[in-house]
Structure formats: structure tokens, C-alpha cells
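Chemist: As input, take final35.cif (mmCIF, C-alpha atoms):
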```
data_my_file
#
loop_
_atom_site.group_PDB
_atom_site.id
_atom_site.type_symbol
_atom_site.label_atom_id
_atom_site.label_comp_id
_atom_site.auth_asym_id
_atom_site.auth_seq_id
_atom_site.Cartn_x
_atom_site.Cartn_y
_atom_site.Cartn_z
ATOM 1 C CA MET U 1 45.709 22.191 -74.229
ATOM 2 C CA ASN U 2 44.230 20.282 -71.290
ATOM 3 C CA THR U 3 40.692 18.904 -71.008
ATOM 4 C CA TYR U 4 39.008 18.048 -67.712
ATOM 5 C CA LEU U 5 35.924 15.847 -67.386
ATOM 6 C CA PRO U 6 33.904 15.407 -64.162
ATOM 7 C CA PRO U 7 32.811 11.916 -63.033
ATOM 8 C CA ASN U 8 29.820 10.416 -64.806
ATOM 9 C CA ARG U 9 26.548 11.728 -63.366
ATOM 10 C CA GLN U 10 22.955 12.476 -64.264
ATOM 11 C CA THR U 11 22.361 15.595 -66.346
ATOM 12 C CA ASN U 12 19.081 16.625 -64.696
ATOM 13 C CA GLY U 13 16.940 15.857 -67.689
ATOM 14 C CA SER U 14 18.973 17.922 -70.139
ATOM 15 C CA ASN U 15 18.607 15.226 -72.818
ATOM 16 C CA GLY U 16 22.180 15.848 -73.817
ATOM 17 C CA LYS U 17 21.629 19.480 -74.799
ATOM 18 C CA PHE U 18 24.635 21.642 -74.029
ATOM 19 C CA MET U 19 26.197 25.020 -74.669
ATOM 20 C CA LYS U 20 29.871 25.918 -75.057
ATOM 21 C CA VAL U 21 31.183 29.165 -73.667
ATOM 22 C CA TYR U 22 34.634 30.657 -73.649
ATOM 23 C CA GLY U 23 36.152 32.350 -70.649
ATOM 24 C CA GLU U 24 39.242 34.512 -70.588
ATOM 25 C CA SER U 25 41.226 36.664 -68.233
ATOM 26 C CA THR U 26 44.403 38.706 -68.448
ATOM 27 C CA LEU U 27 46.754 39.758 -65.677
ATOM 28 C CA ILE U 28 49.508 42.322 -66.232
ATOM 29 C CA ILE U 29 52.392 42.183 -63.770
ATOM 30 C CA LYS U 30 55.887 43.559 -63.471
ATOM 31 C CA PRO U 31 58.733 41.025 -63.699
ATOM 32 C CA ASP U 32 60.885 40.640 -60.606
ATOM 33 C CA ARG U 33 63.858 38.647 -61.898
ATOM 34 C CA SER U 34 65.971 38.313 -65.019
ATOM 35 C CA THR U 35 68.197 35.759 -66.676
ATOM 36 C CA VAL U 36 71.073 36.482 -69.002
ATOM 37 C CA GLN U 37 73.808 34.575 -70.762
ATOM 38 C CA LEU U 38 77.146 36.328 -70.962
ATOM 39 C CA GLY U 39 80.746 35.377 -71.503
ATOM 40 C CA VAL U 40 83.757 35.675 -73.737
ATOM 41 C CA GLU U 41 84.874 34.632 -77.200
ATOM 42 C CA VAL U 42 88.646 34.373 -77.628
ATOM 43 C CA ARG U 43 90.717 33.640 -80.741
ATOM 44 C CA ASN U 44 94.385 32.766 -80.840
ATOM 45 C CA LEU U 45 96.764 30.774 -82.993
ATOM 46 C CA GLU U 46 97.779 28.728 -79.948
ATOM 47 C CA LEU U 47 95.072 26.719 -78.209
ATOM 48 C CA SER U 48 96.732 26.925 -74.797
ATOM 49 C CA VAL U 49 96.933 30.722 -75.021
ATOM 50 C CA ALA U 50 93.259 30.951 -75.983
ATOM 51 C CA GLN U 51 92.321 28.692 -73.066
ATOM 52 C CA GLN U 52 94.329 30.739 -70.598
ATOM 53 C CA GLU U 53 92.807 34.014 -71.804
ATOM 54 C CA SER U 54 89.295 32.584 -71.697
ATOM 55 C CA SER U 55 89.803 31.277 -68.155
ATOM 56 C CA ARG U 56 91.302 34.593 -67.024
ATOM 57 C CA VAL U 57 88.367 36.647 -68.304
ATOM 58 C CA ILE U 58 85.729 34.265 -66.928
ATOM 59 C CA GLN U 59 87.403 34.383 -63.521
ATOM 60 C CA LEU U 60 87.371 38.192 -63.587
ATOM 61 C CA ILE U 61 83.701 38.194 -64.578
ATOM 62 C CA THR U 62 82.783 35.660 -61.897
ATOM 63 C CA ASP U 63 84.640 37.576 -59.183
ATOM 64 C CA SER U 64 82.863 40.791 -60.188
ATOM 65 C CA LEU U 65 79.490 39.044 -60.021
ATOM 66 C CA PHE U 66 80.256 37.831 -56.504
ATOM 67 C CA GLU U 67 81.082 41.418 -55.555
ATOM 68 C CA LEU U 68 77.615 42.455 -56.777
ATOM 69 C CA GLY U 69 76.051 39.858 -54.500
ATOM 70 C CA ILE U 70 75.129 37.309 -57.182
ATOM 71 C CA SER U 71 74.918 33.910 -55.502
ATOM 72 C CA PRO U 72 77.209 31.148 -56.838
ATOM 73 C CA SER U 73 74.100 28.957 -57.171
ATOM 74 C CA ASN U 74 72.747 31.450 -59.721
ATOM 75 C CA ILE U 75 75.829 31.176 -61.942
ATOM 76 C CA GLN U 76 76.485 28.175 -64.143
ATOM 77 C CA THR U 77 78.401 27.388 -67.310
ATOM 78 C CA SER U 78 75.991 27.187 -70.251
ATOM 79 C CA GLU U 79 78.507 26.731 -73.070
ATOM 80 C CA TYR U 80 82.166 25.904 -73.562
ATOM 81 C CA THR U 81 83.300 25.231 -77.110
ATOM 82 C CA ILE U 82 86.649 24.976 -78.902
ATOM 83 C CA LEU U 83 86.595 25.391 -82.675
ATOM 84 C CA PRO U 84 89.447 25.466 -85.179
ATOM 85 C CA ILE U 85 89.346 28.491 -87.471
ATOM 86 C CA TYR U 86 90.123 28.228 -91.175
ATOM 87 C CA ASP U 87 90.325 30.757 -93.967
ATOM 88 C CA TYR U 88 90.363 30.202 -97.710
ATOM 89 C CA VAL U 89 92.890 31.996 -99.886
ATOM 90 C CA ASP U 90 92.855 31.277 -103.625
ATOM 91 C CA GLY U 91 90.894 28.122 -102.930
ATOM 92 C CA ASN U 92 93.388 26.844 -100.376
ATOM 93 C CA GLN U 93 92.424 26.162 -96.766
ATOM 94 C CA GLN U 94 94.619 27.920 -94.233
ATOM 95 C CA PHE U 95 94.575 27.276 -90.514
ATOM 96 C CA LYS U 96 94.075 30.535 -88.561
ATOM 97 C CA GLY U 97 94.000 29.301 -84.981
ATOM 98 C CA TYR U 98 91.328 28.433 -82.435
ATOM 99 C CA GLN U 99 88.172 30.044 -81.145
ATOM 100 C CA ILE U 100 86.993 29.399 -77.599
ATOM 101 C CA THR U 101 83.540 30.442 -76.473
ATOM 102 C CA HIS U 102 82.840 30.309 -72.745
ATOM 103 C CA MET U 103 79.354 31.392 -71.630
ATOM 104 C CA LEU U 104 77.763 31.739 -68.201
ATOM 105 C CA SER U 105 74.047 31.621 -67.454
ATOM 106 C CA LEU U 106 72.978 34.001 -64.681
ATOM 107 C CA THR U 107 69.797 34.383 -62.686
ATOM 108 C CA ILE U 108 69.508 37.888 -61.255
ATOM 109 C CA GLU U 109 67.090 37.974 -58.323
ATOM 110 C CA ASN U 110 67.144 41.783 -58.076
ATOM 111 C CA ILE U 111 65.914 42.829 -61.499
ATOM 112 C CA GLU U 112 67.191 46.382 -61.013
ATOM 113 C CA GLN U 113 70.728 44.970 -61.062
ATOM 114 C CA THR U 114 70.437 43.671 -64.620
ATOM 115 C CA GLY U 115 72.060 46.653 -66.317
ATOM 116 C CA VAL U 116 74.734 46.890 -63.624
ATOM 117 C CA VAL U 117 75.593 43.201 -64.030
ATOM 118 C CA ILE U 118 75.954 43.573 -67.801
ATOM 119 C CA ASP U 119 78.131 46.681 -67.458
ATOM 120 C CA MET U 120 80.348 45.026 -64.852
ATOM 121 C CA ALA U 121 80.792 41.913 -67.011
ATOM 122 C CA VAL U 122 81.722 43.999 -70.069
ATOM 123 C CA ARG U 123 84.261 46.017 -68.070
ATOM 124 C CA ASN U 124 85.874 42.750 -67.044
ATOM 125 C CA GLY U 125 86.201 41.388 -70.565
ATOM 126 C CA ALA U 126 82.812 39.938 -71.571
ATOM 127 C CA ASN U 127 82.212 40.368 -75.289
ATOM 128 C CA ARG U 128 79.138 38.166 -75.689
ATOM 129 C CA ILE U 129 75.770 39.054 -74.096
ATOM 130 C CA LEU U 130 72.814 36.887 -75.132
ATOM 131 C CA ASN U 131 69.178 36.155 -74.373
ATOM 132 C CA ILE U 132 68.194 38.578 -71.642
ATOM 133 C CA GLN U 133 64.786 37.466 -70.362
ATOM 134 C CA PHE U 134 62.427 38.749 -67.712
ATOM 135 C CA THR U 135 59.994 36.731 -65.631
ATOM 136 C CA VAL U 136 58.508 36.435 -62.155
ATOM 137 C CA LYS U 137 59.637 34.002 -59.516
ATOM 138 C CA HIS U 138 56.241 32.395 -58.898
ATOM 139 C CA ILE U 139 54.694 32.666 -62.352
ATOM 140 C CA ASP U 140 52.632 29.476 -61.904
ATOM 141 C CA ALA U 141 50.745 31.044 -59.000
ATOM 142 C CA TYR U 142 49.914 34.107 -61.112
ATOM 143 C CA TYR U 143 48.750 31.886 -63.963
ATOM 144 C CA GLN U 144 46.536 29.800 -61.674
ATOM 145 C CA HIS U 145 44.892 33.000 -60.401
ATOM 146 C CA THR U 146 44.286 34.123 -63.988
ATOM 147 C CA LEU U 147 42.908 30.688 -64.886
ATOM 148 C CA GLN U 148 40.453 30.902 -61.984
ATOM 149 C CA LYS U 149 39.207 34.249 -63.278
ATOM 150 C CA ALA U 150 38.813 32.798 -66.782
ATOM 151 C CA LEU U 151 36.666 29.973 -65.387
ATOM 152 C CA GLU U 152 34.521 32.462 -63.493
ATOM 153 C CA ASN U 153 34.146 34.460 -66.698
ATOM 154 C CA ALA U 154 32.942 31.359 -68.558
ATOM 155 C CA ARG U 155 30.460 30.483 -65.831
ATOM 156 C CA THR U 156 29.059 34.031 -65.820
ATOM 157 C CA LYS U 157 28.564 33.902 -69.587
ATOM 158 C CA ALA U 158 26.712 30.583 -69.321
ATOM 159 C CA GLN U 159 24.458 31.971 -66.575
ATOM 160 C CA VAL U 160 23.648 35.094 -68.624
ATOM 161 C CA ILE U 161 22.774 32.983 -71.654
ATOM 162 C CA ALA U 162 20.590 30.649 -69.585
ATOM 163 C CA GLN U 163 18.754 33.499 -67.840
ATOM 164 C CA THR U 164 18.203 35.389 -71.101
ATOM 165 C CA MET U 165 16.897 32.327 -72.910
ATOM 166 C CA ARG U 166 14.963 31.106 -69.843
ATOM 167 C CA LEU U 167 16.834 27.841 -69.635
ATOM 168 C CA SER U 168 17.645 25.664 -66.640
ATOM 169 C CA LEU U 169 21.435 25.461 -66.409
ATOM 170 C CA ASP U 170 23.301 22.591 -64.787
ATOM 171 C CA PRO U 171 25.882 24.574 -62.755
ATOM 172 C CA ILE U 172 28.470 21.793 -62.819
ATOM 173 C CA PRO U 173 30.470 21.906 -66.073
ATOM 174 C CA ALA U 174 30.385 18.768 -68.208
ATOM 175 C CA GLN U 175 33.777 19.521 -69.756
ATOM 176 C CA ILE U 176 36.502 22.109 -69.290
ATOM 177 C CA THR U 177 39.266 22.626 -71.851
ATOM 178 C CA GLU U 178 42.235 24.759 -70.930
ATOM 179 C CA LEU U 179 43.342 26.622 -74.061
ATOM 180 C CA THR U 180 46.471 28.314 -72.749
ATOM 181 C CA VAL U 181 49.636 27.470 -70.859
ATOM 182 C CA PRO U 182 51.750 29.609 -68.499
ATOM 183 C CA PRO U 183 53.803 32.112 -70.510
ATOM 184 C CA PRO U 184 57.541 31.646 -71.035
ATOM 185 C CA PRO U 185 60.048 34.297 -69.900
ATOM 186 C CA MET U 186 59.840 37.503 -71.902
ATOM 187 C CA PRO U 187 62.877 38.020 -74.173
ATOM 188 C CA PHE U 188 64.475 41.446 -74.116
ATOM 189 C CA GLN U 189 67.464 41.878 -76.389
ATOM 190 C CA THR U 190 70.535 40.165 -77.763
ATOM 191 C CA PHE U 191 73.760 42.144 -77.836
ATOM 192 C CA SER U 192 76.418 41.560 -80.454
ATOM 193 C CA GLU U 193 80.109 41.852 -79.742
ATOM 194 C CA VAL U 194 80.280 45.095 -81.745
ATOM 195 C CA GLY U 195 77.240 46.562 -80.016
ATOM 196 C CA ILE U 196 78.505 46.160 -76.479
ATOM 197 C CA ALA U 197 81.994 47.297 -77.405
ATOM 198 C CA HIS U 198 80.641 50.783 -78.183
ATOM 199 C CA ALA U 199 78.013 50.960 -75.451
ATOM 200 C CA GLN U 200 78.512 53.583 -72.731
ATOM 201 C CA SER U 201 75.944 52.005 -70.441
ATOM 202 C CA THR U 202 73.227 49.416 -70.602
ATOM 203 C CA PRO U 203 69.746 50.810 -69.930
ATOM 204 C CA VAL U 204 67.354 47.964 -69.206
ATOM 205 C CA GLN U 205 63.587 48.440 -69.255
ATOM 206 C CA PRO U 206 61.861 45.155 -68.400
ATOM 207 C CA GLY U 207 58.343 46.423 -69.128
ATOM 208 C CA ASN U 208 55.394 44.252 -68.097
ATOM 209 C CA ILE U 209 54.468 40.596 -68.459
ATOM 210 C CA GLU U 210 50.980 39.756 -69.693
ATOM 211 C CA ILE U 211 49.597 36.500 -68.353
ATOM 212 C CA GLU U 212 46.563 35.233 -70.242
ATOM 213 C CA ALA U 213 44.239 32.301 -69.547
ATOM 214 C CA LYS U 214 41.527 30.989 -71.851
ATOM 215 C CA VAL U 215 39.107 28.111 -71.339
ATOM 216 C CA GLU U 216 36.318 26.390 -73.233
ATOM 217 C CA VAL U 217 33.564 25.132 -70.930
ATOM 218 C CA LYS U 218 30.638 22.862 -71.780
ATOM 219 C CA PHE U 219 27.427 23.163 -69.710
ATOM 220 C CA TYR U 220 24.314 21.002 -69.965
ATOM 221 C CA TYR U 221 20.942 22.749 -69.894
ATOM 222 C CA SER U 222 17.244 21.972 -70.182
ATOM 223 C CA SER U 223 14.341 24.078 -71.367
#
```
Hey, can you dump this file as C-alpha cells for me?

Modeler:
Amino acid sequence: MNTYLPPNRQTNGSNGKFMKVYGESTLIIKPDRSTVQLGVEVRNLELSVAQQESSRVIQLITDSLFELGISPSNIQTSEYTILPIYDYVDGNQQFKGYQITHMLSLTIENIEQTGVVIDMAVRNGANRILNIQFTVKHIDAYYQHTLQKALENARTKAQVIAQTMRLSLDPIPAQITELTVPPPPMPFQTFSEVGIAHAQSTPVQPGNIEIEAKVEVKFYYSS
């Protein structure tokens, strides 16, 4: 929440009387890019074998992404963990090997490629697909446009109230409070290892993004 105050000035004889109005606006747009985390989880009794298998699969996935035209700058490692695995039998701890999780974070500029990217990664050994999100490249610009419309909506409400009640409205707001912030990316779905193992294809429907702006505006008036 952000509040904006104009410089100190005379209030045209309002004697401190003011009204508060709320303005709002909503813009519905289609997302134009997506982000996804994908990678591989490998288990083996020998750490070196698990590391080699993890590296092999990630290289295959990365090469396939390059073939699809994904820029290297849009691919980065988001997670690399090595964990020992233990099991308990009759109350006794037994070492079962190591688990390596290697995840990549991708930004897909052509949103229509999202399903193709997931399918290609799975065919090349990916067994973890997480946090698919959809957004727009210049979301701040869309939000600023929506915020402008919300301010206009608030001003119109104040003018209608003043005209109806036969009041003299100071057109310069005394205080503006922004009640919303730009929306985060829209989550889509998280795939489990079992889910993607049985999937024939990955249909992706990004839907729409709703950008909302709300403001509280204080206007001085006189009768």
C-alpha cells in the first residue's frame, strides 16, 4: 500500500471538509511468456554414478532446449542437491545410497512452446516438472495503465458526488492511497514424477491474467 500527498497548499476555503472515494479498474490480458522449473532426480548407491547420470540427463535436456531455440540466457540452474538416503528396518538405520536433484529454471519467450518444451525435456530424461507460471513481459506498463484508469474512476465518483450534493470540489486530490500492487505470475500446475511418466502429451492452456488496481482518494470540498 502506497500513499501519496501533494505539497502543502490552500484548500480554497474547504475548512478541512473532505470526502473519500474509491476508484478501481480491471484489465484482462493474455500472457505472452512462461517460466518453468524442470530437471531430474537420480538415486544410486554410488554417489559418482548418481552424479554422472544426473549430468548426462541435464546435458541431454539442455541440448534439446537449444534445438528448440531457447536462449542460453533463459536457462539457469535453480537447484542442485545431494542427499544421503536411509531406510529403517526393525528400528535399524540402513544406508540406501544417494539422491541428486538437479533443476533448471527456464523462461520461455514464445508461450506456445511451453507444452513442447515440457514434452521434449521429459523425452530426454526429465522426471521433475515444477511451478509453471504465466505472465507478460511488460506487466508494470499494464499495471500503470490500469492504475491510471482507477484514478480516473475515483475522480469521476468525486465529481458526481459534488455535483449531486451541490458542493464545490477541489479538483486536486489531498491524498491518494494505492491499495494494490502489480500481480505476480499466474501459477499453472505442478507435475509429479508419476504424473509425467504416464503423460502422452502436455496440453497447456495459459488462460488470461487479470490486472486490478484500486485506490483511495481524498478530496477537499466546500459548500

Chemist: Output, as lines of an AutoDock Vina configuration file, the centre and edge lengths in Å (one decimal) of the axis-aligned box that contains all listed atoms of stretch 171-177 of chain U with 4 Å of margin on each side.

Modeler:
```
center_x = 32.6
center_y = 21.7
center_z = -67.3
size_x = 21.4
size_y = 13.8
size_z = 17.1
```

Chemist: Would you list the contacts of U:Ile29 as a list in words, taking every protein, DNA or RNA residue within 8 Å and counting all atoms listed in the file, but skipping same-chain residues closer than 4 positions in sequence?

Modeler: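 Once the adjacent positions are removed, what remains is Asn208, Ile209, Glu210 and Ile211 of chain U.
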
Chemist: Could you tell me which residues the PyMOL selection byres ((chain U and resi 116) around 12) returns for this structure, as a list in words?

Modeler: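 Applied to this file, the PyMOL selection byres ((chain U and resi 116) around 12) returns Ser64, Leu65, Glu67, Leu68, Gly69, Ile70, Ile108, Asn110, Ile111, Glu112, Gln113, Thr114, Gly115, Val117, Ile118, Asp119, Met120, Ala121, Val122, Arg123, Gln200, Ser201, Thr202, Pro203 and Val204 of chain U.
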
Chemist: Next, the residues of the selection above should be written as a PDB file, in the coordinates of the input with C-alpha atoms.

Modeler:
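Writing the result to selection_9.pdb gives the following:
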```pdb
ATOM      1  CA  SER U  64      82.863  40.791 -60.188  1.00  0.00           C
ATOM      2  CA  LEU U  65      79.490  39.044 -60.021  1.00  0.00           C
ATOM      3  CA  GLU U  67      81.082  41.418 -55.555  1.00  0.00           C
ATOM      4  CA  LEU U  68      77.615  42.455 -56.777  1.00  0.00           C
ATOM      5  CA  GLY U  69      76.051  39.858 -54.500  1.00  0.00           C
ATOM      6  CA  ILE U  70      75.129  37.309 -57.182  1.00  0.00           C
ATOM      7  CA  ILE U 108      69.508  37.888 -61.255  1.00  0.00           C
ATOM      8  CA  ASN U 110      67.144  41.783 -58.076  1.00  0.00           C
ATOM      9  CA  ILE U 111      65.914  42.829 -61.499  1.00  0.00           C
ATOM     10  CA  GLU U 112      67.191  46.382 -61.013  1.00  0.00           C
ATOM     11  CA  GLN U 113      70.728  44.970 -61.062  1.00  0.00           C
ATOM     12  CA  THR U 114      70.437  43.671 -64.620  1.00  0.00           C
ATOM     13  CA  GLY U 115      72.060  46.653 -66.317  1.00  0.00           C
ATOM     14  CA  VAL U 117      75.593  43.201 -64.030  1.00  0.00           C
ATOM     15  CA  ILE U 118      75.954  43.573 -67.801  1.00  0.00           C
ATOM     16  CA  ASP U 119      78.131  46.681 -67.458  1.00  0.00           C
ATOM     17  CA  MET U 120      80.348  45.026 -64.852  1.00  0.00           C
ATOM     18  CA  ALA U 121      80.792  41.913 -67.011  1.00  0.00           C
ATOM     19  CA  VAL U 122      81.722  43.999 -70.069  1.00  0.00           C
ATOM     20  CA  ARG U 123      84.261  46.017 -68.070  1.00  0.00           C
ATOM     21  CA  GLN U 200      78.512  53.583 -72.731  1.00  0.00           C
ATOM     22  CA  SER U 201      75.944  52.005 -70.441  1.00  0.00           C
ATOM     23  CA  THR U 202      73.227  49.416 -70.602  1.00  0.00           C
ATOM     24  CA  PRO U 203      69.746  50.810 -69.930  1.00  0.00           C
ATOM     25  CA  VAL U 204      67.354  47.964 -69.206  1.00  0.00           C
TER      26      VAL U 204
END
```

Chemist: Could you pull the residues within 12 Å of U:Arg56, counting only C-alpha atoms, minus those fewer than 2 positions along the same chain, as a tab-separated table (two decimals) with C-alpha atoms, in the frame of the given file?

Modeler:
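Okay, result_7.tsv is ready:
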```
chain	number	residue	atom	x	y	z
U	39	GLY	CA	80.75	35.38	-71.50
U	40	VAL	CA	83.76	35.67	-73.74
U	42	VAL	CA	88.65	34.37	-77.63
U	49	VAL	CA	96.93	30.72	-75.02
U	50	ALA	CA	93.26	30.95	-75.98
U	51	GLN	CA	92.32	28.69	-73.07
U	52	GLN	CA	94.33	30.74	-70.60
U	53	GLU	CA	92.81	34.01	-71.80
U	54	SER	CA	89.30	32.58	-71.70
U	58	ILE	CA	85.73	34.26	-66.93
U	59	GLN	CA	87.40	34.38	-63.52
U	60	LEU	CA	87.37	38.19	-63.59
U	61	ILE	CA	83.70	38.19	-64.58
U	62	THR	CA	82.78	35.66	-61.90
U	63	ASP	CA	84.64	37.58	-59.18
U	102	HIS	CA	82.84	30.31	-72.74
U	124	ASN	CA	85.87	42.75	-67.04
U	125	GLY	CA	86.20	41.39	-70.56
U	126	ALA	CA	82.81	39.94	-71.57
```

Chemist: Here's a test: counting all atoms listed in the file, identify every protein, DNA and RNA residue with an atom at most 8 Å from (32.0, 21.6, -65.3) in the file's coordinate frame, and state them as a list in words.

Modeler: Leu5, Pro6, Pro171, Ile172, Pro173, Ala174, Gln175, Ile176, Val217, Lys218 and Phe219 of chain U

Chemist: With a cut-off of 12 Å, could you pull out the residues of stretch 146-174 of chain U touching stretch 15-19 of chain U and give me the nearest pair of atoms for each, distance in Å to one decimal, using all atoms listed in the file, ordered by chain and ascending number, as CSV?

Modeler:
```
residue,atom,partner,partner_atom,distance
U:Ala154,CA,U:Met19,CA,11.1
U:Arg155,CA,U:Met19,CA,11.2
U:Lys157,CA,U:Met19,CA,10.5
U:Ala158,CA,U:Met19,CA,7.7
U:Gln159,CA,U:Met19,CA,10.8
U:Ile161,CA,U:Met19,CA,9.2
U:Ala162,CA,U:Met19,CA,9.4
U:Met165,CA,U:Met19,CA,12.0
U:Leu167,CA,U:Phe18,CA,10.9
U:Ser168,CA,U:Phe18,CA,10.9
U:Leu169,CA,U:Phe18,CA,9.1
U:Asp170,CA,U:Phe18,CA,9.4
U:Pro171,CA,U:Phe18,CA,11.7
U:Ile172,CA,U:Phe18,CA,11.8
U:Pro173,CA,U:Phe18,CA,9.9
U:Ala174,CA,U:Phe18,CA,8.7
```

Chemist: Using only C-alpha atoms, which residue out of U:Asn127, U:Thr156, U:Gln144, U:Asn44 lies closest to U:Leu27?

Modeler: U:Gln144

Chemist: Considering all atoms listed in the file, can you say which of U:Thr107, U:Gln205, U:Thr81, U:Gln148 comes closest to U:Ser25?

Modeler: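 So, comparing all the options, the nearest one is U:Gln148.
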
Chemist: Mind telling me what the PyMOL selection byres ((chain U and resi 33) around 12) catches here, as a PDB file with C-alpha atoms, in the coordinates of the input?

Modeler:
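As written to disk, part_31.pdb reads:
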```
ATOM      1  CA  LYS U  30      55.887  43.559 -63.471  1.00  0.00           C
ATOM      2  CA  PRO U  31      58.733  41.025 -63.699  1.00  0.00           C
ATOM      3  CA  ASP U  32      60.885  40.640 -60.606  1.00  0.00           C
ATOM      4  CA  SER U  34      65.971  38.313 -65.019  1.00  0.00           C
ATOM      5  CA  THR U  35      68.197  35.759 -66.676  1.00  0.00           C
ATOM      6  CA  VAL U  36      71.073  36.482 -69.002  1.00  0.00           C
ATOM      7  CA  ASN U  74      72.747  31.450 -59.721  1.00  0.00           C
ATOM      8  CA  LEU U 106      72.978  34.001 -64.681  1.00  0.00           C
ATOM      9  CA  THR U 107      69.797  34.383 -62.686  1.00  0.00           C
ATOM     10  CA  ILE U 108      69.508  37.888 -61.255  1.00  0.00           C
ATOM     11  CA  GLU U 109      67.090  37.974 -58.323  1.00  0.00           C
ATOM     12  CA  ASN U 110      67.144  41.783 -58.076  1.00  0.00           C
ATOM     13  CA  ILE U 111      65.914  42.829 -61.499  1.00  0.00           C
ATOM     14  CA  GLU U 112      67.191  46.382 -61.013  1.00  0.00           C
ATOM     15  CA  GLN U 113      70.728  44.970 -61.062  1.00  0.00           C
ATOM     16  CA  THR U 114      70.437  43.671 -64.620  1.00  0.00           C
ATOM     17  CA  ILE U 132      68.194  38.578 -71.642  1.00  0.00           C
ATOM     18  CA  GLN U 133      64.786  37.466 -70.362  1.00  0.00           C
ATOM     19  CA  PHE U 134      62.427  38.749 -67.712  1.00  0.00           C
ATOM     20  CA  THR U 135      59.994  36.731 -65.631  1.00  0.00           C
ATOM     21  CA  VAL U 136      58.508  36.435 -62.155  1.00  0.00           C
ATOM     22  CA  LYS U 137      59.637  34.002 -59.516  1.00  0.00           C
ATOM     23  CA  HIS U 138      56.241  32.395 -58.898  1.00  0.00           C
ATOM     24  CA  ILE U 139      54.694  32.666 -62.352  1.00  0.00           C
ATOM     25  CA  PRO U 185      60.048  34.297 -69.900  1.00  0.00           C
ATOM     26  CA  MET U 186      59.840  37.503 -71.902  1.00  0.00           C
ATOM     27  CA  PRO U 206      61.861  45.155 -68.400  1.00  0.00           C
ATOM     28  CA  GLY U 207      58.343  46.423 -69.128  1.00  0.00           C
ATOM     29  CA  ASN U 208      55.394  44.252 -68.097  1.00  0.00           C
ATOM     30  CA  ILE U 209      54.468  40.596 -68.459  1.00  0.00           C
TER      31      ILE U 209
END
```

Chemist: Looking at all atoms listed in the file, which of U:Phe66, U:Thr177, U:Lys20, U:Arg128 is the one that sits closest to U:Glu41?

Modeler: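 Selected residue with least distance to U:Glu41: U:Arg128.
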
Chemist: Counting all atoms listed in the file, figure out which residue out of U:Gln99, U:Gln37, U:Thr164, U:Thr26 gets nearest to U:Tyr142.

Modeler: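 The shortest atom-to-atom distance to U:Tyr142 comes from U:Thr26.
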
Chemist: Could you check the closest approach to U:Glu46 for each of U:Gly91, U:Gly97, U:Pro72, U:Gly23 and tell me which residue wins, using only C-alpha atoms?

Modeler: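 Selected residue with least distance to U:Glu46: U:Gly97.
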
Chemist: Pick from U:Asn131, U:Ser223, U:Ser73, U:Glu212: nearest to U:Gln163, with all atoms listed in the file counted?

Modeler: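 For U:Gln163, the nearest of the given residues is U:Ser223.
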
Chemist: Rounded to one decimal in Å, what is the spacing between atom CA of U:Tyr22 and atom CA of U:Ala141?

Modeler: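 Separation between atom CA of U:Tyr22 and atom CA of U:Ala141: 21.8 Å.
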
Chemist: Figure out the distance between atom CA of U:Ile28 and atom CA of U:Ser105, please, to one decimal in Å.

Modeler: 26.8 Å

Chemist: Please extract stretch 105-118 of chain U and write it out with C-alpha atoms, as a compact mmCIF listing (two decimals), in the first residue's frame.

Modeler:
```txt
# COMPACT_ATOMS: atom_id res chain seq x y z
CA SER U 105 14.75 -22.65 -14.39
CA LEU U 106 13.55 -21.70 -17.88
CA THR U 107 12.00 -18.58 -19.32
CA ILE U 108 10.05 -19.36 -22.48
CA GLU U 109 9.54 -16.24 -24.59
CA ASN U 110 7.17 -17.97 -27.02
CA ILE U 111 4.37 -19.11 -24.74
CA GLU U 112 3.04 -21.53 -27.36
CA GLN U 113 6.25 -23.54 -26.93
CA THR U 114 5.56 -24.34 -23.28
CA GLY U 115 3.99 -27.75 -23.86
CA VAL U 116 6.60 -28.64 -26.48
CA VAL U 117 9.43 -27.72 -24.10
CA ILE U 118 7.98 -29.90 -21.34
```
